[in-house]
>>> print(open('input38.txt').read())   # compact mmCIF, C-alpha atoms and all ligand atoms
# COMPACT_ATOMS: atom_id res chain seq x y z
CA MET A 225 0.00 0.00 0.00
CA GLN A 226 1.00 3.61 -0.56
CA ALA A 227 1.43 5.81 2.49
CA SER A 228 -0.90 8.36 0.91
CA THR A 229 -3.62 5.71 0.55
CA LEU A 230 -3.50 5.02 4.29
CA THR A 231 -3.62 8.76 5.03
CA LEU A 232 -6.69 9.05 2.86
CA VAL A 233 -8.44 5.99 4.34
CA PHE A 234 -7.68 7.15 7.89
CA ALA A 235 -8.89 10.69 7.24
CA ALA A 236 -12.05 9.39 5.56
CA ALA A 237 -12.79 7.02 8.47
CA LEU A 238 -12.24 9.82 10.97
CA VAL A 239 -14.55 12.20 9.13
CA ALA A 240 -17.20 9.47 8.70
CA SER A 241 -17.07 8.49 12.37
CA LEU A 242 -17.30 12.12 13.46
CA GLY A 243 -20.26 12.67 11.17
CA LEU A 244 -22.01 9.59 12.51
CA LYS A 245 -21.29 10.51 16.13
CA PHE A 246 -22.57 14.03 15.58
CA TRP A 247 -25.72 12.79 13.83
CA LEU A 248 -26.47 10.28 16.63
CA ALA A 249 -25.82 12.82 19.39
CA THR A 250 -28.09 15.45 17.83
CA ARG A 251 -30.83 12.84 17.30
CA GLN A 252 -30.59 11.88 20.97
CA MET A 253 -30.65 15.50 22.13
CA ARG A 254 -33.62 16.35 19.96
CA HIS A 255 -35.53 13.27 21.09
CA VAL A 256 -34.92 13.89 24.79
CA ALA A 257 -35.74 17.60 24.52
CA THR A 258 -38.99 16.89 22.62
CA HIS A 259 -40.17 14.48 25.32
CA ARG A 260 -38.98 16.58 28.24
CA ASP A 261 -42.35 17.88 29.31
CA THR A 262 -44.35 14.66 29.47
CA VAL A 263 -43.64 11.55 31.52
CA PRO A 264 -44.16 8.53 29.20
CA PRO A 265 -47.56 6.91 29.97
CA ALA A 266 -45.96 3.66 31.18
CA PHE A 267 -44.19 5.61 33.94
CA ALA A 268 -46.93 8.12 34.73
CA GLU A 269 -47.64 6.59 38.11
CA THR A 270 -44.08 5.92 39.22
CA ILE A 271 -42.00 8.87 38.01
CA THR A 272 -42.76 12.50 38.77
CA LEU A 273 -42.52 15.17 36.10
CA ALA A 274 -39.74 16.86 38.09
CA ALA A 275 -37.63 13.66 38.14
CA HIS A 276 -38.30 13.13 34.42
CA GLN A 277 -37.18 16.66 33.60
CA ARG A 278 -34.10 16.36 35.77
CA ALA A 279 -33.14 13.21 33.83
CA ALA A 280 -33.71 15.04 30.54
CA ASP A 281 -31.56 17.99 31.64
CA TYR A 282 -28.77 15.72 32.85
CA THR A 283 -28.82 13.73 29.59
CA LEU A 284 -28.75 16.94 27.54
CA ALA A 285 -25.93 18.47 29.59
CA LYS A 286 -23.83 15.34 29.14
CA ALA A 287 -24.61 15.07 25.43
CA ARG A 288 -23.71 18.72 24.75
CA PHE A 289 -20.44 18.32 26.60
CA GLY A 290 -19.89 15.02 24.76
CA LEU A 291 -19.93 16.89 21.44
CA LEU A 292 -17.21 19.24 22.66
CA THR A 293 -15.12 16.34 23.98
CA MET A 294 -15.54 14.54 20.67
CA ALA A 295 -14.35 17.52 18.62
CA PHE A 296 -11.38 18.05 20.91
CA GLY A 297 -10.49 14.35 20.78
CA ALA A 298 -10.45 14.46 16.98
CA VAL A 299 -8.14 17.49 16.96
CA VAL A 300 -5.77 15.78 19.40
CA LEU A 301 -5.79 12.60 17.32
CA LEU A 302 -4.91 14.56 14.18
CA GLY A 303 -2.28 16.47 16.16
CA TRP A 304 -0.58 13.25 17.24
CA THR A 305 -0.71 11.64 13.81
CA LEU A 306 -1.00 13.54 10.53
CA LEU A 307 0.12 16.86 12.02
CA GLY A 308 3.32 15.27 13.34
CA GLY A 309 2.92 15.19 17.15
CA ILE A 310 4.27 11.69 17.63
CA ASP A 311 6.94 12.32 15.04
CA SER A 312 8.30 15.37 16.90
CA LEU A 313 8.07 13.73 20.31
CA ASN A 314 9.81 10.66 18.93
CA LEU A 315 12.61 12.70 17.41
CA ALA A 316 13.18 14.72 20.58
CA LEU A 317 13.28 11.66 22.84
CA ARG A 318 15.47 9.70 20.49
CA GLU A 319 18.04 12.47 20.63
CA ALA A 320 17.72 13.05 24.36
CA VAL A 321 17.41 9.53 25.69
CA GLN A 322 18.51 6.85 23.25
CA ALA A 323 22.20 7.68 22.93
CA ARG A 324 22.73 7.91 26.66
CA TRP A 325 20.30 5.38 28.11
CA GLY A 326 19.66 2.90 25.32
CA ASP A 327 16.76 1.66 23.21
CA MET A 328 14.49 0.42 25.99
CA ALA A 329 14.70 3.61 28.06
CA TYR A 330 13.98 5.71 24.98
CA GLN A 331 10.92 3.64 24.04
CA LEU A 332 9.55 3.66 27.59
CA ALA A 333 10.12 7.40 27.75
CA LEU A 334 8.12 7.80 24.54
CA LEU A 335 5.17 5.82 25.93
CA ALA A 336 5.34 7.60 29.30
CA CYS A 337 5.50 11.09 27.75
CA PHE A 338 2.59 10.24 25.49
CA ALA A 339 0.54 9.08 28.47
CA VAL A 340 1.38 12.15 30.56
CA ILE A 341 0.64 14.62 27.75
CA GLY A 342 -2.62 12.79 26.98
CA GLY A 343 -3.59 12.89 30.66
CA VAL A 344 -2.89 16.62 30.91
CA LEU A 345 -4.92 17.34 27.76
CA ASP A 346 -7.88 15.35 29.10
CA LEU A 347 -7.73 16.89 32.55
CA PRO A 348 -9.81 20.04 31.92
CA PHE A 349 -12.57 17.86 30.45
CA GLU A 350 -12.56 15.52 33.44
CA LEU A 351 -12.60 18.46 35.82
CA TYR A 352 -15.52 20.05 34.02
CA SER A 353 -17.44 16.78 33.96
CA THR A 354 -16.92 16.10 37.68
CA PHE A 355 -17.01 19.56 39.21
CA ARG A 356 -19.50 21.14 36.84
CA ILE A 357 -21.94 18.63 35.37
CA GLU A 358 -21.92 15.96 38.10
CA GLN A 359 -21.83 18.69 40.73
CA GLN A 360 -24.72 20.60 39.23
CA PHE A 361 -26.95 17.50 39.33
CA GLY A 362 -25.90 16.58 42.85
CA PHE A 363 -23.88 13.46 41.98
CA ASN A 364 -20.37 14.60 42.81
CA ARG A 365 -19.32 14.06 46.41
CA MET A 366 -15.62 14.74 45.88
CA ALA A 367 -13.81 17.78 47.18
CA TRP A 368 -10.62 18.94 45.49
CA LYS A 369 -8.43 17.26 48.03
CA LEU A 370 -9.79 13.79 47.32
CA TYR A 371 -9.70 14.40 43.58
CA ILE A 372 -6.02 15.36 43.66
CA ALA A 373 -5.15 12.49 46.02
CA ASP A 374 -6.87 10.09 43.60
CA MET A 375 -4.99 11.54 40.68
CA ILE A 376 -1.59 11.19 42.35
CA LYS A 377 -2.35 7.65 43.52
CA GLY A 378 -3.70 6.69 40.10
CA ALA A 379 -0.65 8.04 38.29
CA GLY A 380 1.72 6.29 40.71
CA ILE A 381 -0.02 2.94 40.36
CA GLY A 382 -0.29 3.40 36.61
CA ALA A 383 3.47 3.92 36.37
CA LEU A 384 4.23 1.07 38.77
CA ILE A 385 2.13 -1.41 36.79
CA GLY A 386 2.22 0.13 33.33
CA LEU A 387 5.97 0.57 32.88
CA PRO A 388 6.94 -3.06 33.63
CA ILE A 389 4.25 -4.52 31.36
CA ALA A 390 5.17 -2.01 28.62
CA ALA A 391 8.83 -2.97 29.04
CA LEU A 392 7.93 -6.66 28.79
CA ILE A 393 5.87 -6.16 25.60
CA LEU A 394 8.60 -3.99 24.02
CA TRP A 395 11.21 -6.57 24.93
CA ILE A 396 9.12 -9.35 23.35
CA MET A 397 8.64 -7.21 20.22
CA GLY A 398 12.37 -6.77 19.86
CA ALA A 399 13.69 -10.15 20.94
CA THR A 400 11.40 -12.99 19.89
CA GLY A 401 11.46 -12.84 16.09
CA ALA A 402 8.66 -12.84 13.52
CA LEU A 403 6.10 -14.44 15.83
CA TRP A 404 6.56 -11.78 18.51
CA TRP A 405 2.90 -10.78 18.23
CA PHE A 406 1.83 -14.20 19.48
CA TRP A 407 4.12 -14.08 22.52
CA ALA A 408 3.15 -10.49 23.23
CA TRP A 409 -0.51 -11.51 23.12
CA ALA A 410 0.17 -14.40 25.53
CA ALA A 411 1.97 -12.03 27.91
CA TRP A 412 -0.84 -9.48 27.63
CA MET A 413 -3.55 -12.07 28.37
CA SER A 414 -1.64 -13.44 31.38
CA PHE A 415 -1.23 -9.89 32.64
CA SER A 416 -4.94 -9.17 32.20
CA LEU A 417 -5.96 -12.30 34.10
CA LEU A 418 -3.50 -11.52 36.86
CA MET A 419 -4.93 -8.02 37.14
CA MET A 420 -8.45 -9.41 37.44
CA VAL A 421 -7.29 -11.21 40.57
CA LEU A 422 -5.09 -8.43 41.97
CA ILE A 423 -7.23 -5.36 41.34
CA PRO A 424 -10.15 -6.22 43.66
CA SER A 425 -7.94 -7.40 46.53
CA TYR A 426 -4.96 -5.06 46.35
CA ILE A 427 -5.70 -2.00 44.23
CA MET A 428 -9.34 -1.10 44.85
CA PRO A 429 -8.74 -0.98 48.65
CA LEU A 430 -6.25 1.84 48.03
CA PHE A 431 -9.14 3.99 46.83
CA ASN A 432 -12.14 2.75 48.81
CA LYS A 433 -13.00 1.07 52.08
CA PHE A 434 -14.49 -2.39 51.84
CA GLU A 435 -16.31 -3.67 54.86
CA PRO A 436 -18.03 -7.03 55.26
CA LEU A 437 -21.79 -6.70 54.88
CA ALA A 438 -23.02 -6.17 58.44
CA ASP A 439 -26.80 -6.28 58.01
CA GLU A 440 -27.49 -9.84 59.24
CA SER A 441 -30.96 -10.26 57.75
CA LEU A 442 -29.83 -9.00 54.34
CA LYS A 443 -26.76 -11.21 54.57
CA ALA A 444 -28.91 -14.28 55.30
CA ARG A 445 -31.17 -13.39 52.40
CA VAL A 446 -28.28 -12.91 49.98
CA GLN A 447 -26.60 -16.10 51.10
CA ALA A 448 -29.83 -18.07 50.65
CA LEU A 449 -30.08 -16.71 47.11
CA MET A 450 -26.49 -17.68 46.34
CA THR A 451 -26.97 -21.20 47.69
CA ARG A 452 -30.18 -21.50 45.65
CA CYS A 453 -28.23 -20.50 42.55
CA GLY A 454 -25.30 -22.80 43.37
CA PHE A 455 -22.84 -19.95 43.64
CA ALA A 456 -19.88 -19.46 45.96
CA ALA A 457 -18.14 -16.18 46.60
CA LYS A 458 -15.39 -15.30 49.01
CA GLY A 459 -17.34 -12.59 50.71
CA LEU A 460 -20.00 -9.92 50.64
CA PHE A 461 -18.65 -6.40 50.94
CA VAL A 462 -19.97 -2.90 51.21
CA MET A 463 -17.93 -0.22 49.46
CA ASP A 464 -18.04 3.45 50.42
CA GLY A 465 -18.97 4.59 46.91
CA SER A 466 -20.68 7.62 48.45
CA LYS A 467 -17.20 9.03 49.08
CA ARG A 468 -17.02 10.07 45.42
CA SER A 469 -20.42 9.87 43.79
CA ALA A 470 -24.11 9.44 44.49
CA HIS A 471 -24.45 6.99 41.59
CA ALA A 472 -25.36 3.53 42.91
CA ASN A 473 -24.06 0.14 41.79
CA ALA A 474 -23.36 -3.47 42.71
CA TYR A 475 -20.88 -5.82 41.08
CA PHE A 476 -18.92 -9.03 41.17
CA THR A 477 -15.20 -8.99 40.82
CA GLY A 478 -12.37 -11.44 40.71
CA LEU A 479 -11.96 -14.84 39.17
CA GLY A 480 -12.47 -18.33 40.51
CA ALA A 481 -12.11 -18.56 44.26
CA SER A 482 -11.28 -14.88 44.71
CA LYS A 483 -14.74 -13.80 43.51
CA ARG A 484 -16.46 -11.31 45.73
CA VAL A 485 -19.73 -9.43 45.74
CA VAL A 486 -19.52 -5.70 46.28
CA PHE A 487 -22.46 -3.43 47.06
CA PHE A 488 -22.08 0.33 46.95
CA ASP A 489 -23.31 1.87 50.20
CA THR A 490 -25.40 4.16 47.99
CA LEU A 491 -27.23 1.11 46.63
CA LEU A 492 -28.04 -0.35 50.05
CA LYS A 493 -29.39 2.99 51.13
CA LYS A 494 -31.77 3.30 48.21
CA LEU A 495 -33.10 -0.24 47.76
CA SER A 496 -35.18 -2.48 50.00
CA PRO A 497 -33.70 -5.90 50.93
CA GLY A 498 -35.93 -7.61 48.34
CA GLU A 499 -34.72 -5.22 45.66
CA VAL A 500 -31.06 -5.75 46.59
CA GLU A 501 -31.65 -9.49 46.32
CA ALA A 502 -33.20 -9.08 42.86
CA VAL A 503 -30.29 -6.93 41.64
CA LEU A 504 -27.84 -9.55 42.87
CA ALA A 505 -29.88 -12.30 41.20
CA HIS A 506 -29.47 -10.36 37.95
CA GLU A 507 -25.70 -10.30 38.42
CA LEU A 508 -25.72 -14.03 39.17
CA GLY A 509 -27.64 -14.46 35.91
CA HIS A 510 -24.61 -13.09 34.05
CA PHE A 511 -22.50 -15.83 35.59
CA LYS A 512 -25.06 -18.58 35.06
CA HIS A 513 -25.35 -17.71 31.39
CA LYS A 514 -21.54 -17.65 31.17
CA HIS A 515 -21.54 -14.04 29.94
CA VAL A 516 -18.37 -13.31 31.85
CA ILE A 517 -16.46 -16.21 30.31
CA LYS A 518 -17.88 -15.48 26.86
CA ARG A 519 -16.74 -11.87 27.13
CA LEU A 520 -13.29 -12.97 28.27
CA VAL A 521 -12.95 -15.44 25.39
CA SER A 522 -14.11 -12.94 22.78
CA MET A 523 -11.82 -10.25 24.17
CA SER A 524 -8.86 -12.63 23.96
CA ALA A 525 -9.76 -13.57 20.36
CA ILE A 526 -10.05 -9.91 19.39
CA SER A 527 -6.76 -9.02 21.06
CA LEU A 528 -5.03 -11.93 19.29
CA ALA A 529 -6.30 -10.60 15.96
CA ALA A 530 -5.18 -7.09 16.96
CA PHE A 531 -1.66 -8.24 17.88
CA ALA A 532 -1.40 -10.21 14.62
CA LEU A 533 -2.47 -7.13 12.67
CA LEU A 534 0.04 -4.98 14.55
CA GLY A 535 2.69 -7.64 13.87
CA TRP A 536 2.15 -7.15 10.16
CA LEU A 537 1.61 -3.37 10.14
CA SER A 538 4.72 -2.67 12.18
CA THR A 539 6.87 -4.06 9.34
CA GLN A 540 5.27 -1.83 6.68
CA ALA A 541 6.92 1.52 5.97
CA TRP A 542 3.60 2.99 4.73
CA PHE A 543 2.00 2.35 8.14
CA TYR A 544 4.30 4.95 9.73
CA ALA A 545 4.56 7.37 6.85
CA GLY A 546 0.81 7.27 6.18
CA LEU A 547 0.14 8.32 9.77
CA GLY A 548 2.63 11.15 9.91
CA VAL A 549 5.70 9.47 11.42
CA ARG A 550 9.15 9.01 9.91
CA PRO A 551 10.33 5.61 11.18
CA SER A 552 13.78 5.46 12.77
CA VAL A 553 16.60 3.70 10.96
CA ASP A 554 18.94 3.33 13.93
CA ALA A 555 16.42 2.70 16.71
CA PRO A 556 13.54 0.26 17.21
CA ASN A 557 10.14 1.48 15.99
CA ASP A 558 8.14 -0.78 18.30
CA ALA A 559 6.88 1.89 20.70
CA VAL A 560 5.91 4.15 17.79
CA ALA A 561 4.02 1.29 16.11
CA LEU A 562 2.23 0.52 19.37
CA LEU A 563 1.16 4.14 19.84
CA LEU A 564 -0.05 4.59 16.28
CA PHE A 565 -1.99 1.36 16.48
CA LEU A 566 -3.65 2.31 19.78
CA LEU A 567 -4.58 5.73 18.40
CA VAL A 568 -5.92 4.68 15.04
CA THR A 569 -7.77 1.38 15.58
CA PRO A 570 -10.60 2.92 17.68
CA VAL A 571 -11.53 5.10 14.68
CA PHE A 572 -12.21 1.97 12.64
CA GLY A 573 -13.52 -0.06 15.59
CA TYR A 574 -16.24 2.53 16.17
CA PHE A 575 -18.17 1.26 13.15
CA VAL A 576 -18.52 -2.28 14.55
CA SER A 577 -19.19 -1.19 18.15
CA PRO A 578 -23.02 -1.48 17.73
CA LEU A 579 -22.57 -5.25 17.33
CA PHE A 580 -21.04 -5.47 20.80
CA ALA A 581 -23.68 -3.19 22.27
CA GLN A 582 -26.39 -5.41 20.84
CA LEU A 583 -24.81 -8.54 22.26
CA SER A 584 -24.54 -6.84 25.64
CA ARG A 585 -28.22 -5.83 25.58
CA ARG A 586 -29.20 -9.42 24.83
CA HIS A 587 -27.14 -10.56 27.82
CA GLU A 588 -28.98 -8.07 30.02
CA PHE A 589 -32.35 -9.53 29.00
CA GLU A 590 -31.06 -13.04 29.78
CA ALA A 591 -29.81 -11.96 33.21
CA ASP A 592 -33.15 -10.27 33.93
CA ALA A 593 -35.03 -13.44 33.00
CA TYR A 594 -32.79 -15.45 35.30
CA ALA A 595 -33.36 -12.96 38.14
CA CYS A 596 -37.13 -13.33 37.69
CA LYS A 597 -36.83 -17.06 38.31
CA GLN A 598 -34.53 -16.83 41.33
CA ALA A 599 -35.95 -13.70 42.98
CA SER A 600 -38.94 -11.42 42.63
CA GLY A 601 -39.49 -9.91 39.19
CA SER A 602 -41.51 -7.06 40.63
CA ASP A 603 -38.68 -6.26 43.06
CA LEU A 604 -36.26 -6.18 40.15
CA ALA A 605 -38.58 -3.87 38.22
CA ALA A 606 -38.89 -1.59 41.25
CA ALA A 607 -35.12 -1.57 41.73
CA LEU A 608 -34.47 -0.75 38.07
CA LEU A 609 -36.88 2.12 38.22
CA LYS A 610 -35.32 3.52 41.40
CA LEU A 611 -31.81 3.25 39.99
CA HIS A 612 -32.92 4.87 36.77
CA GLU A 613 -34.47 7.74 38.64
CA ASP A 614 -31.56 8.19 41.03
CA ASN A 615 -29.00 8.09 38.25
CA ALA A 616 -31.15 10.51 36.21
CA SER A 617 -31.12 8.22 33.17
CA THR A 618 -33.56 9.37 30.56
CA LEU A 619 -36.70 7.29 29.99
CA THR A 620 -37.03 8.63 26.46
CA PRO A 621 -33.80 7.95 24.58
CA ASP A 622 -33.72 8.11 20.79
CA PRO A 623 -34.29 4.53 19.48
CA VAL A 624 -31.47 4.74 16.92
CA TYR A 625 -29.07 6.09 19.53
CA VAL A 626 -30.03 3.17 21.78
CA ARG A 627 -29.33 0.63 19.02
CA PHE A 628 -25.92 2.13 18.47
CA TYR A 629 -24.62 2.77 21.96
CA TYR A 630 -26.67 1.32 24.80
CA SER A 631 -25.02 -1.60 26.59
CA HIS A 632 -28.20 -1.97 28.66
CA PRO A 633 -31.69 -1.96 27.15
CA PRO A 634 -33.69 1.21 27.96
CA ALA A 635 -35.90 0.98 31.07
CA SER A 636 -39.11 0.79 29.05
CA GLU A 637 -37.93 -2.38 27.24
CA ARG A 638 -36.56 -4.04 30.36
CA LEU A 639 -39.69 -3.36 32.39
CA ALA A 640 -41.91 -4.58 29.55
CA ALA A 641 -39.91 -7.84 29.39
CA LEU A 642 -40.18 -8.24 33.18
CA ALA A 643 -43.92 -7.62 33.12
CA HIS A 644 -44.23 -10.18 30.33
CA ALA A 645 -42.24 -12.74 32.34
CA ALA A 646 -44.56 -12.18 35.32
CA LEU A 647 -47.66 -13.09 33.27
CA PRO A 648 -48.91 -16.65 33.63
CA GLN A 649 -47.27 -18.58 30.78
CA PRO A 650 -49.59 -20.42 28.37
CA ALA A 651 -49.38 -24.18 28.85
ZN ZN A 701 -26.45 -6.80 33.84
>>> encode(input="input38.txt", output="structure tokens")
Amino acid sequence: MQASTLTLVFAAALVASLGLKFWLATRQMRHVATHRDTVPPAFAETITLAAHQRAADYTLAKARFGLLTMAFGAVVLLGWTLLGGIDSLNLALREAVQARWGDMAYQLALLACFAVIGGVLDLPFELYSTFRIEQQFGFNRMAWKLYIADMIKGAGIGALIGLPIAALILWIMGATGALWWFWAWAAWMSFSLLMMVLIPSYIMPLFNKFEPLADESLKARVQALMTRCGFAAKGLFVMDGSKRSAHANAYFTGLGASKRVVFFDTLLKKLSPGEVEAVLAHELGHFKHKHVIKRLVSMSAISLAAFALLGWLSTQAWFYAGLGVRPSVDAPNDAVALLLFLLVTPVFGYFVSPLFAQLSRRHEFEADAYACKQASGSDLAAALLKLHEDNASTLTPDPVYVRFYYSHPPASERLAALAHAALPQPA
């Protein structure tokens, strides 16, 4: 391929994805704004007009800000690639670091500088989202001090974990011959699995407090449910999610024997014991239907394909030149190839993302159906409605927007399916 062909294909994909994103976002905004002043009939008795309007305003505020973030992201992406950002950074670091400290130090410095510059560029947007939008709608519970402490801790842990794994991948790229992409993939998968075990036990506790669930009657109820479903977990924990945000959640983490159930304190405060049980039954449904394993297997297949593609691209001169980088002749180009690949593939991946969203929505329906069998369907419906209201999720999303982005079906569809499951089934 010619370098100019790649430049053209990349630019065309970027423009097309921006156009599509803009079209979808404006559809969503128009749809939500049009339905702002009437609660949908199905929710007329359960949701007040004020709550409905708050959800609409929150959705609109996030969508408007999303457009700005999207435009800025595109400018940054062009800056790094076609406008020569990576090329200049690469040149500067090669001169400053490679001669004195060697190839590995230079490549790690390139990745680290890229990450730091990217983090600094994103910072104003994160600040605005947390301290303006989330604050305005009463979700943010963080003061500056906690935010900065989080940032420092996050950066430290990121460097502590990120640099060694980056060094390992770069070493594999340079030292293991033509099949390096396979070994790099194997290393990456092992690392990911290891992190799934380490993150809940060792890293999350650095940010939040986890206390064993103390409410004895709820504990007995949850344990009865788990026994009924044939499920073992290492413990039930309550996390102080309210430290940062009023959004409520519950999740499973870990693998195998290290699995644990975590409830946000915000969730326990909002839901009745029956509703907590139903939410947990839904999560158990994901395990029973093997959604977690399926996701893991498909992610590993996709990453194998990605590494194989990178293995081929990194040997093609047009891959670098077409994306605005002059490859080095007297230094390894592995870090540059990695960066370009990580920057550019999401632009193309965006067009297939609806397939994954659709699969995810189907999994949600399956988990809901499982929850109906193991716990109360009406409790689950009540819990969903409460969480929707508390999180200010709109009840009137644009249908096309939903098809494209939503990982969870909209409340109206989920509640309709639950109501249908509750009907006596024909013999
Ligand atoms: Zn789910």
>>> residues_around(input="input38.txt", residues="Val500 in chain A", least_positions_apart="6", cutoff="12 Å", atoms="all atoms listed in the file", output="PyMOL selection string")
chain A and resi 442-443+445-446+449+472-475+485-494+506-507+595+599-601+603-608+610-611
>>> closest_residue(input="input38.txt", among="A:Ala333, A:Ala561, A:Ile423, A:Val503", to="ligand ZN 701 (chain A)", atoms="all atoms listed in the file")
A:Val503
>>> closest_residue(input="input38.txt", among="A:Ser617, A:Gln252, A:Ser584, A:Ser466", to="ligand ZN 701 (chain A)", atoms="all atoms listed in the file")
A:Ser584
>>> closest_residue(input="input38.txt", among="A:Tyr629, A:Gly303, A:Ala541, A:Leu351", to="Leu579 in chain A", atoms="only C-alpha atoms")
A:Tyr629
>>> closest_atom_pairs(input="input38.txt", of="chain A", to="ligand ZN 701 (chain A)", cutoff="8 Å", atoms="only C-alpha atoms and all ligand atoms", output="Markdown table")
| residue | atom | partner | partner_atom | distance |
| --- | --- | --- | --- | --- |
| A:His506 | CA | A:ZN701 | ZN | 6.2 |
| A:Glu507 | CA | A:ZN701 | ZN | 5.8 |
| A:His510 | CA | A:ZN701 | ZN | 6.6 |
| A:His587 | CA | A:ZN701 | ZN | 7.1 |
| A:Glu588 | CA | A:ZN701 | ZN | 4.8 |
| A:Ala591 | CA | A:ZN701 | ZN | 6.2 |
| A:Asp592 | CA | A:ZN701 | ZN | 7.5 |
| A:His632 | CA | A:ZN701 | ZN | 7.3 |
>>> atom_distance(input="input38.txt", atom1="CA of Met225 in chain A", atom2="CA of Ala532 in chain A")
17.9 Å
>>> residues_around(input="input38.txt", residues="Glu613 in chain A", least_positions_apart="5", cutoff="10 Å", atoms="only C-alpha atoms", output="PDB file with C-alpha atoms, in the frame of the given file")
ATOM      1  CA  THR A 270     -44.080   5.920  39.220  1.00  0.00           C
ATOM      2  CA  ILE A 271     -42.000   8.870  38.010  1.00  0.00           C
ATOM      3  CA  THR A 272     -42.760  12.500  38.770  1.00  0.00           C
ATOM      4  CA  ALA A 275     -37.630  13.660  38.140  1.00  0.00           C
ATOM      5  CA  HIS A 276     -38.300  13.130  34.420  1.00  0.00           C
ATOM      6  CA  ARG A 278     -34.100  16.360  35.770  1.00  0.00           C
ATOM      7  CA  ALA A 279     -33.140  13.210  33.830  1.00  0.00           C
ATOM      8  CA  ALA A 607     -35.120  -1.570  41.730  1.00  0.00           C
ATOM      9  CA  LEU A 608     -34.470  -0.750  38.070  1.00  0.00           C
ATOM     10  CA  THR A 618     -33.560   9.370  30.560  1.00  0.00           C
ATOM     11  CA  LEU A 619     -36.700   7.290  29.990  1.00  0.00           C
TER      12      LEU A 619
END
>>> atom_distance(input="input38.txt", atom1="CA of Thr305 in chain A", atom2="CA of Tyr574 in chain A")
18.2 Å
>>> atom_distance(input="input38.txt", atom1="CA of Val256 in chain A", atom2="CA of Gln277 in chain A")
9.5 Å
>>> residues_near_point(input="input38.txt", point="(14.5, 9.2, 26.0)", cutoff="7 Å", atoms="only C-alpha atoms", output="list in words")
Leu317, Arg318, Ala320, Val321, Gln322, Ala329, Tyr330, Gln331, Ala333 and Leu334 of chain A
>>> closest_residue(input="input38.txt", among="A:Ser527, A:Ser312, A:Thr293, A:Asn364", to="Trp412 in chain A", atoms="all atoms listed in the file")
A:Ser527
>>> closest_residue(input="input38.txt", among="A:Gly535, A:Ile389, A:Arg627, A:Arg324", to="Gly401 in chain A", atoms="all atoms listed in the file")
A:Gly535
>>> closest_residue(input="input38.txt", among="A:Gly290, A:Ala408, A:Pro436, A:His471", to="Glu350 in chain A", atoms="all atoms listed in the file")
A:Gly290
>>> residues_around(input="input38.txt", residues="Lys483 in chain A", least_positions_apart="3", cutoff="12 Å", atoms="all atoms listed in the file", output="list of chain:residue names")
A:Met420, A:Val421, A:Leu422, A:Ile423, A:Pro424, A:Ser425, A:Phe455, A:Ala456, A:Ala457, A:Lys458, A:Gly459, A:Leu460, A:Phe461, A:Tyr475, A:Phe476, A:Thr477, A:Gly478, A:Leu479, A:Gly480, A:Val486, A:Leu508, A:Phe511
>>> residues_around(input="input38.txt", residues="Ala410 in chain A", least_positions_apart="6", cutoff="12 Å", atoms="all atoms listed in the file", output="list of chain:residue names")
A:Leu392, A:Ile393, A:Ile396, A:Leu403, A:Trp404, A:Ser416, A:Leu417, A:Ser524, A:Ala525, A:Ser527, A:Leu528, A:Phe531, A:Ala532
>>> closest_atom_pairs(input="input38.txt", of="range 551-579 of chain A", to="range 235-249 of chain A", cutoff="8 Å", atoms="all atoms listed in the file", output="tab-separated table")
residue	atom	partner	partner_atom	distance
A:Val571	CA	A:Leu238	CA	6.0
A:Phe572	CA	A:Ala237	CA	6.6
A:Tyr574	CA	A:Ser241	CA	7.1
A:Phe575	CA	A:Ser241	CA	7.4
>>> residues_around(input="input38.txt", residues="Leu534 in chain A", least_positions_apart="5", cutoff="12 Å", atoms="only C-alpha atoms", output="JSON, numbers by chain")
{"A": [397, 402, 403, 404, 405, 406, 408, 409, 527, 528, 529, 539, 540, 543, 544, 558, 559, 560, 561, 562, 563, 564, 565, 566, 568, 569]}
>>> axis_aligned_box(input="input38.txt", around="range 438-455 of chain A", padding_each_side="4 Å", output="lines of an AutoDock Vina configuration file")
center_x = -27.0
center_y = -14.5
center_z = 50.9
size_x = 16.3
size_y = 24.6
size_z = 24.7
